Amino acid sequence: MLEIKKQIAAALSAASNGAVEACDIAAALEYPPNPEMGDIAFPCFKLSRVLRKAPPAIAQELAAAFSCEAVEKVDVAGGYLNLFLSKDYLAKYVIEKAVFADKPYGSSNEGEGKTVVLDYSSPNVAKPFHIGHLGTTVIGHSLKKLHEFVGYHCIGINHLGDWGTQFGKLITAFRLWGDREKIERDEIDELVALYVKFHAEAEKDDSLNDKARAEFKKLEDGDEENLALWKWFIEISLREYQKTYKQLGITFDSYNGEAFYTDKMMPEVEKIRAAGLLKIDDGASIVDLEEYGMPPCLILKRDGSTLYPTRDIAAAVYRKNTYNFDKCIYVTSAGQSLHFAQWFKVMELMGYDFAKDLVHVPYGTVSIDGAKLATRTGNVVLLKDLFATAIEKSLGIIEEKNPNLENKEDVAQAVGVGAIVFHYLSGGRIKDINFIMEDALSFDGNTGPYAQYTYARTCSIMNRAGAPKAASAKITTAEEGELVKELLRFPEKVKSAIADYEPSTVTRYVLDLCAAFNRFYHECQILNCEDEEVKATRICLVNATKNILGNALSLICVGTPEKI
Ligand code: ARG
């Protein structure tokens, strides 16, 4: 609709003999509350000062002089101009853009020449990769795809939590109870089991914690044996994460985790000191942020070792130098909001101009329906177990509904994983969600499977219809008109999803589009339609829906099998 609005604004500006700028008009155009009032309205009140006339008189004059291909009828209602758009014109327009153009409808080159770094997923190695990480992983990747869609150059970084005292614990546990072969076989499950065992045993015997600290110190000092174990633990964890990322269709451009910044922190600490920001508090080095209403940001512990914020500061500087980003986005749970606010402030106080380009995108917590999904690690739900359950249930549904489907396993994976992602991205990101598996997997509700099923329906129609024919569009029913309007909304939704860092805008759009398409599908004959021109238009509308729906689903990391 953005383009159409621009055309209308230009025509209105011309009708006013250039007395009003098109851009001012475009910003003032409204969507009327009900269809009797047209598709777009222009309030003339603000013009009365410039033109020194009453609004209704302005509306009359504009209506008389106005001419625009997209508009079929103009009504004057008091100080309003109500515009009725030509459905044929709109259909022709959207069909050209979404079926016959060489770029996907809604994509653009708005971000051309600009770089966005996205830091997301970033699990802590050797700790369980659990459902709490679903948010950062899918919101982050969706934001990456959205930015790419409008032309930004994007770098996805998995800022692995690959350094810290948990490695001292794991090394200790491995030395005491570990079995190399068992780890090679059971991979991360065995690592997590060792980690859990360590905690249970340390409850009874505190000296284990001293041992763990000593092992981590050895690792920091470069002890070869410990370094080799550390590398091995990371390798094993990454192998596991890759399986989950593969199911989600996610790849990263960099896996530089926290350890990568080990030698890059001290220069930054020195800069903080040189700027006169560093204070000693009870032996630790901090930056006082009281003036900004925040607790102090911890830079060095009493023993001189670095902390989470220190690594983030070093990482931001490294990324600026390496990628020269225009924006660096961090996706984490809202629990880390203070951490980001603090070190963003420190960067600003250090004089780093680009501190204003650092963006934290927080999201709410997830709870889940179930003891059913509990794992041997106790109360956390592992992402891979959640996916496995969803895939298994999807396979069950497919076996029942469509037993002869080819590639059943692949489709079940796309549907199962897609259901979870879709459900997760349905609400605003900051809201806490309670995850109910049955709801997510239902084919009838407003779910991922329902959207995928609608997509598969468009594919099946197109397979039977053959190539769409470029023709003038002929719209004859309200359902077609509503579908056209919904299709036209896609670019605006993409824009607003990016502006608000909110993939759920796309998810909700997908549901609106599916609803409009399915009403059209149930009301209108497509392949059996007798009027050739109407039939050609309908086939093109199906094709436009297929393309837009497919792109929208892929922007929210949901797979698009052609048959279900
Ligand atoms: N590893 C952290 C966690 O699991 C998230 C890291 C987020 N990124 C960052 N640059 N701090 O909580």
# chains A, B, ... in the order shown; residues from 1 in each chain; ligands from 1
call {"tool": "residues_near_ligand", "arguments": {"ligand": "ligand 1", "cutoff": "10 Å", "atoms": "only C-alpha atoms and all ligand atoms", "output": "VMD selection string"}}
result
chain A and resid 118 to 125 127 to 130 132 to 133 136 157 to 163 257 to 258 308 to 309 311 to 313 315 to 316 329 to 333 335 to 336 339 to 340 360
call {"tool": "write_last_selection", "arguments": {"atoms": "C-alpha atoms", "output": "CSV table (one decimal), in the first residue's frame"}}
result
chain,number,residue,atom,x,y,z
A,118,LEU,CA,23.5,-9.5,15.1
A,119,ASP,CA,24.6,-11.3,18.2
A,120,TYR,CA,22.1,-14.1,19.0
A,121,SER,CA,21.6,-17.7,20.2
A,122,SER,CA,25.0,-17.7,22.1
A,123,PRO,CA,24.5,-20.6,24.4
A,124,ASN,CA,26.8,-21.3,27.3
A,125,VAL,CA,28.9,-24.3,26.3
A,127,LYS,CA,25.5,-26.2,30.0
A,128,PRO,CA,22.2,-27.4,28.6
A,129,PHE,CA,20.9,-25.8,25.4
A,130,HIS,CA,17.4,-25.3,26.7
A,132,GLY,CA,15.1,-20.4,27.2
A,133,HIS,CA,17.5,-20.2,24.2
A,136,THR,CA,17.3,-15.5,21.2
A,157,ILE,CA,27.5,-13.9,15.4
A,158,ASN,CA,27.1,-16.8,17.9
A,159,HIS,CA,28.8,-15.2,21.0
A,160,LEU,CA,29.3,-18.6,22.6
A,161,GLY,CA,29.7,-18.7,26.4
A,162,ASP,CA,32.9,-20.7,26.0
A,163,TRP,CA,34.9,-19.3,28.9
A,257,GLY,CA,32.7,-16.6,21.7
A,258,GLU,CA,33.8,-15.0,24.9
A,308,TYR,CA,30.9,-10.6,31.4
A,309,PRO,CA,30.6,-6.8,30.8
A,311,ARG,CA,34.1,-9.1,27.4
A,312,ASP,CA,31.1,-7.4,25.9
A,313,ILE,CA,33.0,-4.1,25.7
A,315,ALA,CA,33.7,-7.6,21.7
A,316,ALA,CA,31.9,-4.4,20.6
A,329,ILE,CA,21.9,-5.9,17.7
A,330,TYR,CA,22.0,-8.2,20.8
A,331,VAL,CA,19.1,-10.5,21.4
A,332,THR,CA,18.8,-11.9,25.0
A,333,SER,CA,16.3,-12.5,27.7
A,335,GLY,CA,16.8,-10.6,32.5
A,336,GLN,CA,19.9,-9.2,30.9
A,339,HIS,CA,23.7,-5.6,31.9
A,340,PHE,CA,23.3,-4.1,28.4
A,360,HIS,CA,19.5,-4.6,23.0
call {"tool": "select_by_dssp", "arguments": {"residues": "region 59-179 of chain A", "states": "strand (DSSP E or B)", "output": "number ranges by chain"}}
result
A: 71-77, 80-85, 115-119, 124, 130, 153-157, 161
call {"tool": "residues_around", "arguments": {"residues": "region 438-443 of chain A", "least_positions_apart": "5", "cutoff": "10 Å", "atoms": "only C-alpha atoms", "output": "ChimeraX atom specification"}}
result
/A:369,390-391,393-394,397,415-424,448-453
call {"tool": "select_by_dssp", "arguments": {"residues": "region 268-423 of chain A", "states": "alpha helix (DSSP H)", "output": "MDAnalysis selection string"}}
result
chainID A and resid 268:274 308:323 337:349 383:401 408:423
call {"tool": "residues_around", "arguments": {"residues": "Cys540 (chain A)", "least_positions_apart": "5", "cutoff": "9 Å", "atoms": "only C-alpha atoms", "output": "count of residues only"}}
result
9
call {"tool": "residues_around", "arguments": {"residues": "Asp357 (chain A)", "least_positions_apart": "2", "cutoff": "7 Å", "atoms": "only C-alpha atoms", "output": "PyMOL selection string"}}
result
chain A and resi 326-328+354-355+359
call {"tool": "residues_around", "arguments": {"residues": "Phe490 (chain A)", "least_positions_apart": "4", "cutoff": "10 Å", "atoms": "only C-alpha atoms", "output": "PyMOL selection string"}}
result
chain A and resi 1-2+105-107+485-486+494-495+506+509-510+513+548-549+552
call {"tool": "write_last_selection", "arguments": {"atoms": "N, CA, C and O atoms", "output": "compact mmCIF listing (two decimals), in the first residue's frame"}}
result
# COMPACT_ATOMS: atom_id res chain seq x y z
N MET A 1 0.82 -1.21 0.00
CA MET A 1 0.00 0.00 0.00
C MET A 1 0.86 1.26 0.00
O MET A 1 0.39 2.33 -0.36
N LEU A 2 2.14 1.11 0.42
CA LEU A 2 3.01 2.29 0.51
C LEU A 2 3.12 3.00 -0.83
O LEU A 2 2.98 4.22 -0.92
N TYR A 105 8.44 -9.33 -3.71
CA TYR A 105 7.63 -8.20 -3.27
C TYR A 105 7.91 -7.93 -1.79
O TYR A 105 7.95 -8.86 -0.98
N GLY A 106 8.11 -6.66 -1.45
CA GLY A 106 8.39 -6.31 -0.05
C GLY A 106 9.87 -6.15 0.23
O GLY A 106 10.27 -5.53 1.19
N SER A 107 10.71 -6.76 -0.65
CA SER A 107 12.15 -6.58 -0.45
C SER A 107 12.52 -5.21 -1.01
O SER A 107 11.76 -4.60 -1.75
N LYS A 485 -6.04 -6.60 -0.98
CA LYS A 485 -5.65 -5.61 0.03
C LYS A 485 -4.65 -6.21 1.01
O LYS A 485 -3.69 -5.56 1.42
N GLU A 486 -4.89 -7.45 1.40
CA GLU A 486 -3.99 -8.11 2.35
C GLU A 486 -2.60 -8.31 1.72
O GLU A 486 -1.59 -8.07 2.37
N VAL A 494 6.75 -5.67 6.81
CA VAL A 494 8.20 -5.91 6.88
C VAL A 494 8.88 -4.70 7.51
O VAL A 494 9.70 -4.82 8.41
N LYS A 495 8.50 -3.52 7.05
CA LYS A 495 9.10 -2.29 7.58
C LYS A 495 8.86 -2.16 9.07
O LYS A 495 9.77 -1.84 9.83
N VAL A 506 5.27 -10.07 11.52
CA VAL A 506 5.18 -10.90 10.31
C VAL A 506 4.31 -12.13 10.59
O VAL A 506 3.49 -12.52 9.77
N TYR A 509 0.80 -11.17 10.47
CA TYR A 509 0.43 -10.91 9.07
C TYR A 509 0.18 -12.22 8.33
O TYR A 509 -0.79 -12.33 7.56
N VAL A 510 1.01 -13.21 8.57
CA VAL A 510 0.84 -14.51 7.92
C VAL A 510 -0.57 -15.05 8.21
O VAL A 510 -1.26 -15.55 7.30
N LEU A 513 -3.13 -13.07 6.25
CA LEU A 513 -3.07 -13.42 4.83
C LEU A 513 -3.70 -14.80 4.58
O LEU A 513 -4.47 -14.98 3.64
N ILE A 548 4.30 -14.53 -1.54
CA ILE A 548 4.39 -13.67 -0.35
C ILE A 548 4.37 -14.52 0.93
O ILE A 548 5.17 -14.32 1.84
N LEU A 549 3.48 -15.50 0.96
CA LEU A 549 3.39 -16.36 2.14
C LEU A 549 4.69 -17.14 2.33
O LEU A 549 5.21 -17.25 3.45
N ALA A 552 7.25 -14.71 3.64
CA ALA A 552 6.94 -14.31 5.02
C ALA A 552 7.31 -15.43 5.99
O ALA A 552 7.92 -15.20 7.03
call {"tool": "residues_around", "arguments": {"residues": "Glu270 (chain A)", "least_positions_apart": "6", "cutoff": "12 Å", "atoms": "only C-alpha atoms", "output": "list of chain:residue names"}}
result
A:Lys264, A:Gly276, A:Leu277, A:Leu278, A:Ser285, A:Ile299, A:Leu300, A:Thr310, A:Ala314, A:Met350
call {"tool": "closest_residue", "arguments": {"among": "A:Ala91, A:Val74, A:Cys68, A:Ile436", "to": "Val542 (chain A)", "atoms": "only C-alpha atoms"}}
result
A:Ala91
